[in-house]
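So this block is input06.cif, mmCIF, C-alpha atoms:
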data_protein
loop_
_atom_site.label_atom_id
_atom_site.label_comp_id
_atom_site.auth_asym_id
_atom_site.auth_seq_id
_atom_site.Cartn_x
_atom_site.Cartn_y
_atom_site.Cartn_z
CA MET Y 9 -213.25 -233.58 131.36
CA ALA Y 10 -209.81 -234.72 132.43
CA HIS Y 11 -207.23 -232.06 133.22
CA ALA Y 12 -203.87 -232.26 131.50
CA VAL Y 13 -201.04 -233.06 133.90
CA VAL Y 14 -198.07 -230.69 133.70
CA PRO Y 15 -194.85 -232.07 135.20
CA HIS Y 16 -193.18 -229.61 137.58
CA ASP Y 17 -190.28 -231.74 138.76
CA ALA Y 18 -188.00 -230.78 135.86
CA ALA Y 19 -185.43 -228.12 136.81
CA ALA Y 20 -186.26 -224.76 135.24
CA GLU Y 21 -183.68 -223.47 132.83
CA TYR Y 22 -182.46 -219.97 133.63
CA GLU Y 23 -183.05 -217.57 130.79
CA PRO Y 24 -180.97 -214.41 130.98
CA SER Y 25 -182.75 -211.07 130.52
CA LEU Y 26 -182.86 -209.72 126.99
CA PHE Y 27 -181.67 -206.35 128.28
CA GLY Y 28 -178.90 -207.65 130.53
CA THR Y 29 -180.44 -206.48 133.79
CA TYR Y 30 -183.19 -207.35 136.26
CA SER Y 31 -186.91 -206.80 135.65
CA LYS Y 32 -187.43 -204.19 138.38
CA LYS Y 33 -184.90 -201.91 136.76
CA ILE Y 34 -186.37 -202.40 133.28
CA GLY Y 35 -189.81 -201.65 134.74
CA MET Y 36 -188.58 -198.38 136.24
CA TRP Y 37 -186.92 -197.41 132.95
CA LEU Y 38 -190.20 -198.02 131.11
CA PHE Y 39 -192.05 -195.88 133.65
CA LEU Y 40 -189.47 -193.11 133.30
CA LEU Y 41 -189.76 -193.22 129.51
CA SER Y 42 -193.52 -192.72 129.76
CA ASP Y 43 -193.10 -189.99 132.38
CA SER Y 44 -190.56 -188.19 130.21
CA LEU Y 45 -193.27 -187.87 127.57
CA THR Y 46 -195.56 -186.19 130.13
CA PHE Y 47 -192.85 -183.67 130.95
CA GLY Y 48 -191.91 -183.43 127.27
CA ALA Y 49 -195.46 -182.34 126.43
CA LEU Y 50 -195.45 -179.72 129.21
CA LEU Y 51 -192.00 -178.41 128.22
CA TYR Y 52 -192.99 -178.19 124.57
CA ALA Y 53 -196.20 -176.35 125.53
CA TYR Y 54 -194.16 -173.81 127.51
CA SER Y 55 -191.61 -173.41 124.68
CA TYR Y 56 -194.42 -172.94 122.16
CA GLY Y 57 -195.87 -170.10 124.23
CA ARG Y 58 -192.46 -168.57 124.85
CA ILE Y 59 -191.65 -168.42 121.13
CA SER Y 60 -195.06 -167.53 119.72
CA ILE Y 61 -196.20 -164.82 122.18
CA PRO Y 62 -194.19 -161.60 121.68
CA ASN Y 63 -195.21 -159.99 124.99
CA TRP Y 64 -194.32 -163.07 127.04
CA PRO Y 65 -193.62 -161.83 130.57
CA THR Y 66 -190.06 -161.82 131.93
CA PRO Y 67 -190.85 -161.53 135.64
CA PHE Y 68 -187.83 -163.20 137.24
CA HIS Y 69 -185.59 -160.70 139.00
CA SER Y 70 -182.04 -161.62 140.00
CA ALA Y 71 -183.34 -162.77 143.42
CA SER Y 72 -185.59 -165.35 141.72
CA ILE Y 73 -182.77 -166.49 139.45
CA ALA Y 74 -180.41 -166.83 142.45
CA ASN Y 75 -183.12 -168.81 144.26
CA ALA Y 76 -183.62 -171.12 141.26
CA THR Y 77 -179.84 -171.56 140.88
CA VAL Y 78 -179.58 -172.68 144.53
CA MET Y 79 -182.51 -175.05 143.90
CA THR Y 80 -180.60 -176.49 140.92
CA ALA Y 81 -177.49 -176.92 143.07
CA PHE Y 82 -179.62 -178.73 145.67
CA LEU Y 83 -180.91 -181.17 143.08
CA LEU Y 84 -177.48 -181.78 141.52
CA THR Y 85 -176.01 -182.42 144.97
CA SER Y 86 -178.90 -184.75 145.79
CA SER Y 87 -178.11 -186.74 142.66
CA LEU Y 88 -174.50 -187.06 143.81
CA THR Y 89 -175.53 -188.29 147.28
CA MET Y 90 -178.06 -190.67 145.69
CA VAL Y 91 -175.48 -192.25 143.42
CA LEU Y 92 -173.15 -192.61 146.43
CA ALA Y 93 -176.02 -194.31 148.32
CA VAL Y 94 -176.43 -196.77 145.43
CA ALA Y 95 -172.66 -197.48 145.46
CA ALA Y 96 -172.70 -197.97 149.27
CA SER Y 97 -175.70 -200.33 149.10
CA ALA Y 98 -174.01 -202.38 146.37
CA LYS Y 99 -171.06 -202.85 148.74
CA GLY Y 100 -173.44 -203.86 151.54
CA ASN Y 101 -172.62 -200.80 153.67
CA VAL Y 102 -176.12 -200.22 155.08
CA ALA Y 103 -175.20 -197.38 157.48
CA LYS Y 104 -173.52 -195.35 154.74
CA GLU Y 105 -176.35 -196.10 152.33
CA ARG Y 106 -178.96 -194.80 154.81
CA LEU Y 107 -176.87 -191.71 155.55
CA PHE Y 108 -176.58 -190.84 151.86
CA ILE Y 109 -180.29 -191.45 151.26
CA LEU Y 110 -181.14 -189.13 154.16
CA ALA Y 111 -178.77 -186.52 152.69
CA THR Y 112 -180.57 -186.88 149.36
CA MET Y 113 -183.92 -186.39 151.10
CA ALA Y 114 -182.57 -183.31 152.90
CA CYS Y 115 -181.55 -181.77 149.56
CA GLY Y 116 -184.95 -182.66 148.10
CA ILE Y 117 -186.75 -181.05 151.04
CA GLY Y 118 -184.55 -177.95 150.65
CA PHE Y 119 -185.56 -177.79 147.00
CA ILE Y 120 -189.27 -178.09 147.85
CA ILE Y 121 -189.08 -175.36 150.53
CA LEU Y 122 -187.28 -172.93 148.21
CA HIS Y 123 -189.72 -173.70 145.42
CA ALA Y 124 -192.71 -173.20 147.72
CA MET Y 125 -191.26 -169.84 148.80
CA GLU Y 126 -190.89 -168.83 145.15
CA TRP Y 127 -194.48 -169.81 144.39
CA THR Y 128 -195.75 -167.94 147.45
CA LYS Y 129 -193.83 -164.82 146.40
CA LEU Y 130 -195.22 -164.93 142.85
CA ILE Y 131 -198.77 -165.57 144.07
CA GLY Y 132 -198.37 -162.68 146.51
CA GLU Y 133 -197.34 -160.45 143.61
CA GLY Y 134 -200.55 -161.38 141.77
CA LEU Y 135 -199.58 -164.28 139.51
CA ARG Y 136 -202.37 -166.78 139.92
CA LEU Y 137 -204.58 -169.42 138.39
CA PRO Y 138 -208.38 -169.26 138.54
CA VAL Y 139 -208.39 -172.43 140.67
CA PHE Y 140 -206.30 -170.82 143.43
CA PRO Y 141 -208.34 -169.56 146.41
CA ALA Y 142 -208.65 -165.76 146.57
CA MET Y 143 -205.88 -164.04 148.53
CA PRO Y 144 -206.89 -161.09 150.75
CA GLY Y 145 -205.94 -157.72 149.20
CA GLN Y 146 -204.48 -159.26 146.04
CA GLU Y 147 -206.40 -156.97 143.65
CA THR Y 148 -204.30 -153.98 144.64
CA ALA Y 149 -200.92 -155.62 145.31
CA GLY Y 150 -197.96 -156.63 143.23
CA GLU Y 151 -196.51 -156.23 139.77
CA MET Y 152 -197.90 -159.52 138.43
CA VAL Y 153 -201.60 -158.69 138.76
CA ASN Y 154 -201.99 -157.86 135.07
CA VAL Y 155 -199.73 -160.64 133.76
CA SER Y 156 -202.31 -163.32 134.57
CA LYS Y 157 -204.89 -161.35 132.58
CA ALA Y 158 -202.68 -160.21 129.65
CA VAL Y 159 -200.87 -163.55 129.07
CA PRO Y 160 -202.87 -166.27 130.87
CA GLN Y 161 -200.68 -168.92 129.21
CA PHE Y 162 -197.74 -167.85 131.39
CA ALA Y 163 -199.37 -168.66 134.74
CA ALA Y 164 -201.00 -171.82 133.34
CA THR Y 165 -197.79 -173.27 131.89
CA PHE Y 166 -195.57 -172.05 134.76
CA PHE Y 167 -197.71 -173.52 137.54
CA GLY Y 168 -198.54 -176.62 135.47
CA LEU Y 169 -194.92 -177.45 134.69
CA THR Y 170 -193.26 -176.53 137.98
CA GLY Y 171 -196.20 -177.94 139.99
CA MET Y 172 -195.92 -181.29 138.24
CA HIS Y 173 -192.19 -181.31 138.94
CA MET Y 174 -192.68 -180.32 142.59
CA LEU Y 175 -195.14 -183.19 142.94
CA HIS Y 176 -192.53 -185.58 141.51
CA VAL Y 177 -189.85 -184.30 143.91
CA THR Y 178 -192.26 -184.71 146.85
CA LEU Y 179 -193.10 -188.26 145.80
CA GLY Y 180 -189.37 -188.93 145.34
CA VAL Y 181 -188.60 -187.80 148.89
CA VAL Y 182 -191.41 -190.04 150.19
CA TYR Y 183 -190.13 -192.97 148.09
CA LEU Y 184 -186.61 -192.55 149.49
CA GLY Y 185 -188.00 -192.20 153.02
CA VAL Y 186 -189.72 -195.57 152.69
CA ILE Y 187 -186.57 -197.20 151.26
CA ALA Y 188 -184.40 -195.80 154.08
CA LEU Y 189 -186.74 -196.00 157.08
CA ARG Y 190 -189.59 -198.30 155.97
CA LYS Y 191 -192.61 -198.19 158.35
CA LYS Y 192 -190.80 -195.78 160.73
CA PHE Y 193 -191.28 -193.18 158.01
CA ILE Y 194 -195.10 -193.22 158.22
CA PRO Y 195 -195.43 -191.21 161.50
CA ILE Y 196 -192.83 -188.74 160.18
CA LEU Y 197 -194.88 -188.32 157.02
CA LEU Y 198 -198.08 -187.80 158.99
CA ALA Y 199 -196.34 -185.18 161.16
CA CYS Y 200 -195.16 -183.39 157.99
CA TRP Y 201 -198.70 -183.47 156.60
CA LEU Y 202 -200.18 -182.00 159.77
CA ALA Y 203 -197.49 -179.30 159.96
CA ALA Y 204 -197.92 -178.35 156.29
CA TRP Y 205 -201.71 -178.30 156.56
CA LEU Y 206 -201.96 -176.35 159.79
CA LEU Y 207 -199.11 -173.90 159.22
CA THR Y 208 -200.08 -172.73 155.73
CA PRO Y 209 -202.84 -170.12 155.34
CA ALA Y 210 -206.15 -171.27 153.83
CA TYR Y 211 -205.60 -169.22 150.63
CA SER Y 212 -202.27 -170.93 149.90
CA PRO Y 213 -202.33 -173.76 147.31
CA PHE Y 214 -200.03 -175.68 149.67
CA HIS Y 215 -202.80 -175.79 152.31
CA TYR Y 216 -204.67 -178.27 150.12
CA GLY Y 217 -201.57 -179.60 148.36
CA ALA Y 218 -200.35 -180.91 151.73
CA HIS Y 219 -202.99 -183.64 151.49
CA VAL Y 220 -200.70 -185.38 148.97
CA LEU Y 221 -198.63 -186.38 152.02
CA LEU Y 222 -201.68 -187.89 153.72
CA ILE Y 223 -202.53 -189.86 150.58
CA CYS Y 224 -198.90 -191.05 150.42
CA ALA Y 225 -199.04 -192.16 154.08
CA ILE Y 226 -202.21 -194.19 153.42
CA VAL Y 227 -200.82 -195.80 150.25
CA ILE Y 228 -197.49 -196.63 151.94
CA SER Y 229 -199.28 -198.16 154.93
CA ILE Y 230 -201.28 -200.42 152.63
CA ILE Y 231 -198.20 -201.42 150.61
CA LEU Y 232 -196.07 -202.17 153.68
CA TRP Y 233 -198.96 -204.09 155.27
CA LEU Y 234 -199.56 -206.19 152.14
CA LYS Y 235 -195.91 -206.82 151.32
CA PRO Y 236 -193.48 -206.16 154.16
CA LYS Y 237 -189.91 -206.71 152.98
CA VAL Y 238 -186.33 -205.70 153.51
CA TYR Y 239 -185.29 -203.32 150.77
CA ASP Y 240 -182.04 -204.42 149.14
CA ALA Y 241 -179.47 -202.86 146.79
CA SER Y 242 -181.71 -203.31 143.76
CA ASP Y 243 -184.49 -201.29 145.43
CA VAL Y 244 -182.04 -198.52 146.24
CA GLU Y 245 -180.78 -198.51 142.65
CA VAL Y 246 -184.31 -198.38 141.22
CA ALA Y 247 -185.28 -195.56 143.62
CA GLY Y 248 -182.09 -193.80 142.51
CA LEU Y 249 -183.18 -194.00 138.87
CA TYR Y 250 -186.42 -192.22 139.77
CA TRP Y 251 -184.57 -189.56 141.75
CA HIS Y 252 -182.06 -188.88 138.95
CA PHE Y 253 -184.95 -188.54 136.52
CA VAL Y 254 -186.49 -185.81 138.69
CA ASP Y 255 -183.11 -184.04 138.64
CA LEU Y 256 -182.84 -184.54 134.88
CA VAL Y 257 -186.22 -182.93 134.21
CA TRP Y 258 -185.26 -179.87 136.27
CA MET Y 259 -182.19 -179.44 134.02
CA PHE Y 260 -184.68 -178.52 131.28
CA ILE Y 261 -187.19 -176.60 133.41
CA PHE Y 262 -184.58 -174.29 134.98
CA PRO Y 263 -183.24 -172.75 131.75
CA LEU Y 264 -186.55 -172.83 129.94
CA VAL Y 265 -188.79 -171.34 132.62
CA TYR Y 266 -186.42 -169.17 134.64
CA LEU Y 267 -183.48 -168.21 132.43
CA MET Y 268 -185.64 -167.61 129.36
CA SER Y 269 -187.81 -165.22 131.43
CA THR Y 270 -185.06 -163.29 133.20
CA LYS Y 271 -185.83 -159.63 133.82
CA ILE Y 272 -182.81 -157.78 132.40
CA VAL Y 273 -182.53 -154.19 133.65
CA MET R 27 -183.92 -212.39 151.96
CA ASP R 28 -184.75 -215.19 149.51
CA ALA R 29 -182.50 -216.73 146.84
CA ALA R 30 -183.86 -214.57 144.01
CA GLN R 31 -183.28 -211.39 146.03
CA LEU R 32 -179.73 -212.48 146.86
CA GLU R 33 -179.06 -213.15 143.19
CA ILE R 34 -180.25 -209.64 142.25
CA GLN R 35 -178.16 -208.15 145.10
CA GLU R 36 -175.07 -209.86 143.66
CA ARG R 37 -175.99 -208.61 140.22
CA VAL R 38 -176.25 -205.01 141.44
CA ALA R 39 -172.90 -205.31 143.21
CA GLU R 40 -171.34 -206.68 140.02
CA GLU R 41 -172.77 -203.84 137.92
CA GLN R 42 -171.39 -201.25 140.32
CA THR R 43 -167.82 -202.60 140.09
CA HIS R 44 -167.31 -200.97 136.68
CA HIS R 45 -166.14 -197.72 138.25
CA GLY R 46 -165.08 -196.00 141.44
CA THR R 47 -167.04 -193.17 143.06
CA GLY R 48 -164.48 -190.53 141.97
CA VAL R 49 -166.09 -190.20 138.55
CA PHE R 50 -169.37 -189.09 140.18
CA TYR R 51 -167.67 -186.10 141.82
CA TRP R 52 -166.26 -185.10 138.43
CA VAL R 53 -169.67 -185.33 136.78
CA TRP R 54 -171.24 -183.31 139.62
CA GLY R 55 -168.56 -180.60 139.17
CA VAL R 56 -169.10 -180.45 135.41
CA LEU R 57 -172.87 -180.18 135.91
CA LEU R 58 -172.41 -177.25 138.31
CA VAL R 59 -170.07 -175.49 135.85
CA LEU R 60 -172.57 -175.97 133.01
CA THR R 61 -175.31 -174.54 135.24
CA ALA R 62 -173.16 -171.47 135.91
CA ILE R 63 -172.66 -171.02 132.14
CA GLU R 64 -176.43 -171.24 131.64
CA VAL R 65 -177.05 -168.55 134.27
CA TYR R 66 -174.48 -166.31 132.56
CA LEU R 67 -176.21 -166.83 129.19
CA GLY R 68 -179.55 -166.01 130.82
CA TYR R 69 -178.37 -162.45 131.41
CA GLN R 70 -177.21 -161.91 127.81
CA ASN R 71 -179.88 -160.02 125.92
CA MET R 72 -180.26 -162.53 123.09
CA GLU R 73 -183.06 -163.26 120.63
CA PRO R 74 -185.39 -165.89 122.25
CA LYS R 75 -184.90 -168.47 119.47
CA LYS R 76 -181.10 -168.26 119.69
CA MET R 77 -181.12 -168.37 123.48
CA LEU R 78 -183.53 -171.31 123.51
CA THR R 79 -181.24 -173.25 121.17
CA MET R 80 -178.12 -172.55 123.26
CA LEU R 81 -179.74 -173.30 126.62
CA MET R 82 -181.40 -176.47 125.36
CA GLY R 83 -178.07 -177.59 123.85
CA LEU R 84 -176.39 -177.24 127.25
CA SER R 85 -179.34 -178.98 128.93
CA ILE R 86 -178.98 -181.92 126.55
CA VAL R 87 -175.28 -182.19 127.51
CA LYS R 88 -176.27 -182.15 131.21
CA ALA R 89 -179.00 -184.73 130.61
CA THR R 90 -176.52 -186.99 128.81
CA LEU R 91 -174.13 -186.83 131.77
CA ILE R 92 -176.92 -187.60 134.25
CA ILE R 93 -178.29 -190.51 132.21
CA GLY R 94 -174.84 -191.88 131.35
CA TYR R 95 -173.16 -191.72 134.75
CA PHE R 96 -175.73 -191.15 137.51
CA MET R 97 -178.38 -193.40 135.94
CA HIS R 98 -175.66 -195.88 134.96
CA MET R 99 -176.73 -196.13 131.32
CA LYS R 100 -173.10 -195.96 130.15
CA TYR R 101 -172.51 -199.35 131.78
CA GLU R 102 -175.64 -201.12 130.46
CA ILE R 103 -175.47 -203.48 127.50
CA SER R 104 -175.92 -201.88 124.08
CA ARG R 105 -179.37 -203.42 123.54
CA MET R 106 -180.68 -201.67 126.68
CA LYS R 107 -179.06 -198.37 125.65
CA TRP R 108 -180.51 -198.43 122.14
CA MET R 109 -183.97 -199.60 123.17
CA THR R 110 -184.49 -196.89 125.78
CA MET R 111 -182.69 -193.95 124.22
CA CYS R 112 -183.96 -194.42 120.65
CA SER R 113 -187.58 -194.68 121.77
CA LEU R 114 -187.20 -191.61 124.00
CA VAL R 115 -185.49 -189.45 121.38
CA PHE R 116 -187.95 -190.54 118.67
CA CYS R 117 -191.04 -189.71 120.77
CA LEU R 118 -189.67 -186.35 121.93
CA ALA R 119 -188.54 -185.46 118.39
CA MET R 120 -192.05 -186.18 117.11
CA MET R 121 -193.38 -183.47 119.43
CA MET R 122 -191.22 -180.89 117.63
CA VAL R 123 -193.79 -180.91 114.85
CA PHE R 124 -195.49 -178.01 116.69
CA PHE R 125 -192.53 -175.61 116.60
CA PRO R 126 -192.87 -174.46 112.96
CA ASP R 127 -196.38 -173.36 113.90
CA ALA R 128 -195.08 -171.31 116.86
CA LEU R 129 -192.57 -169.59 114.54
CA ARG R 130 -195.29 -169.01 111.93
CA ILE R 131 -197.50 -167.26 114.51
CA ILE R 132 -194.73 -164.90 115.62
CA SER R 133 -193.88 -164.03 112.01
CA LEU R 134 -197.54 -163.01 111.52
CA GLY R 135 -197.03 -160.34 114.17
CA VAL R 136 -200.14 -161.36 116.14
CA HIS R 137 -200.32 -159.65 119.53
#
Could you show the structure in this file as structure tokens?
Amino acid sequence: MAHAVVPHDAAAEYEPSLFGTYSKKIGMWLFLLSDSLTFGALLYAYSYGRISIPNWPTPFHSASIANATVMTAFLLTSSLTMVLAVAASAKGNVAKERLFILATMACGIGFIILHAMEWTKLIGEGLRLPVFPAMPGQETAGEMVNVSKAVPQFAATFFGLTGMHMLHVTLGVVYLGVIALRKKFIPILLACWLAAWLLTPAYSPFHYGAHVLLICAIVISIILWLKPKVYDASDVEVAGLYWHFVDLVWMFIFPLVYLMSTKIV
Amino acid sequence: MDAAQLEIQERVAEEQTHHGTGVFYWVWGVLLVLTAIEVYLGYQNMEPKKMLTMLMGLSIVKATLIIGYFMHMKYEISRMKWMTMCSLVFCLAMMMVFFPDALRIISLGVH
């Protein structure tokens, strides 16, 4: 059977994008739309519980609210530095772009540390999920011991929602690290994984959660080995979209989870 | 960097010329002020349904600012704006179908 011959010498006609922008950006928007539905479902589940359960716990003292407010300020500031990084990269100012991306990562890391401290405090007070490893002496300690038993939906929705968001922030920091430092970021990531794994006690969820960083390091190594490239302004802009989305989601989690459960004395 | 990458780079630079960076500082300031208002409302002993409505209203304003300015949606063409935002709002609004049930349960007085 003879194969049909397709002429390739004719010049291709450029067809502008239907949405007035480049494919990478449209792809990220489509991903963010699907991800917003994931968070939407979790936020609606939390709201449902908050409205329908009359004895919903209000465990957040002013210290927790202050902590969460600082976390919010960290994320808002990181969005500002990210948008400045995008503007700098569009102007071709690589040094400024890298500086702003590193500032964004610093704010993201600050957010993760504060959030991890908040989780550790709540777990120490007795708020827990059945999947968490047993903590020594937890049966007798803390004011939250009975909350997990009386309203199990609180711990499930709280850890589910904020854990999913913390995972997104962590992946965002890794994403930005790769955009800013490329393969130089891999040893840094491995050092962070080792530190997080070895310095957290075995009963902490972060002891096992730290392995996310190891998985990230492996995936990044494969990606950079298969397709090494110089990241340009479009990559910075697309990474920025992801980062702003993470910030955007927190703008709903903060009032819903923390402010709606404030302990008023 | 190949020709296609250079073309995209130029495109990004062109898109970013719509505005200076000053507007981002303004948006950041407004977002911080709105957050402070939310924290203040958190300490007012309000009925959960009323508080949820007020806080979510403020969060929607904050989300609009982030999407519009930080995520650059304000400067996209109208087809892009409508395609993304309509699909998002429609899907999220569909999930609200569960709320009447939550309100029904609380009116039953189930503990």
Discussion item. Residue by residue, what does the PyMOL selection byres ((chain R and resi 86) around 12) grab here? Present the result as a ChimeraX atom specification.
Written reply: /Y:256-261,263 /R:57,60-61,78-85,87-94,115
Mind writing the picked residues with C-alpha atoms as a PDB file, keeping the file's coordinate frame?
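So the final result, stored in out.pdb, reads:
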ATOM      1  CA  LEU Y 256    -182.840-184.540 134.880  1.00  0.00           C
ATOM      2  CA  VAL Y 257    -186.220-182.930 134.210  1.00  0.00           C
ATOM      3  CA  TRP Y 258    -185.260-179.870 136.270  1.00  0.00           C
ATOM      4  CA  MET Y 259    -182.190-179.440 134.020  1.00  0.00           C
ATOM      5  CA  PHE Y 260    -184.680-178.520 131.280  1.00  0.00           C
ATOM      6  CA  ILE Y 261    -187.190-176.600 133.410  1.00  0.00           C
ATOM      7  CA  PRO Y 263    -183.240-172.750 131.750  1.00  0.00           C
TER       8      PRO Y 263
ATOM      9  CA  LEU R  57    -172.870-180.180 135.910  1.00  0.00           C
ATOM     10  CA  LEU R  60    -172.570-175.970 133.010  1.00  0.00           C
ATOM     11  CA  THR R  61    -175.310-174.540 135.240  1.00  0.00           C
ATOM     12  CA  LEU R  78    -183.530-171.310 123.510  1.00  0.00           C
ATOM     13  CA  THR R  79    -181.240-173.250 121.170  1.00  0.00           C
ATOM     14  CA  MET R  80    -178.120-172.550 123.260  1.00  0.00           C
ATOM     15  CA  LEU R  81    -179.740-173.300 126.620  1.00  0.00           C
ATOM     16  CA  MET R  82    -181.400-176.470 125.360  1.00  0.00           C
ATOM     17  CA  GLY R  83    -178.070-177.590 123.850  1.00  0.00           C
ATOM     18  CA  LEU R  84    -176.390-177.240 127.250  1.00  0.00           C
ATOM     19  CA  SER R  85    -179.340-178.980 128.930  1.00  0.00           C
ATOM     20  CA  VAL R  87    -175.280-182.190 127.510  1.00  0.00           C
ATOM     21  CA  LYS R  88    -176.270-182.150 131.210  1.00  0.00           C
ATOM     22  CA  ALA R  89    -179.000-184.730 130.610  1.00  0.00           C
ATOM     23  CA  THR R  90    -176.520-186.990 128.810  1.00  0.00           C
ATOM     24  CA  LEU R  91    -174.130-186.830 131.770  1.00  0.00           C
ATOM     25  CA  ILE R  92    -176.920-187.600 134.250  1.00  0.00           C
ATOM     26  CA  ILE R  93    -178.290-190.510 132.210  1.00  0.00           C
ATOM     27  CA  GLY R  94    -174.840-191.880 131.350  1.00  0.00           C
ATOM     28  CA  VAL R 115    -185.490-189.450 121.380  1.00  0.00           C
TER      29      VAL R 115
END
Tell me which residues the PyMOL selection byres ((chain R and resi 111) around 12) grabs here, as a ChimeraX atom specification. /Y:37-38,40-41,44 /R:89-90,93-94,99-100,102,104-110,112-119
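With distances taken over all atoms listed in the file, Y:His252 is the one residue among Y:His219, Y:His176, Y:His252, Y:Arg136 lying closest to chain R.
For the pair CA of Leu134 (chain R) and CA of Met152 (chain Y), the interatomic distance is 27.1 Å.
Atom pair CA of Ile132 (chain R) / CA of Trp127 (chain Y) has a distance of 29.2 Å (rounded to one decimal).
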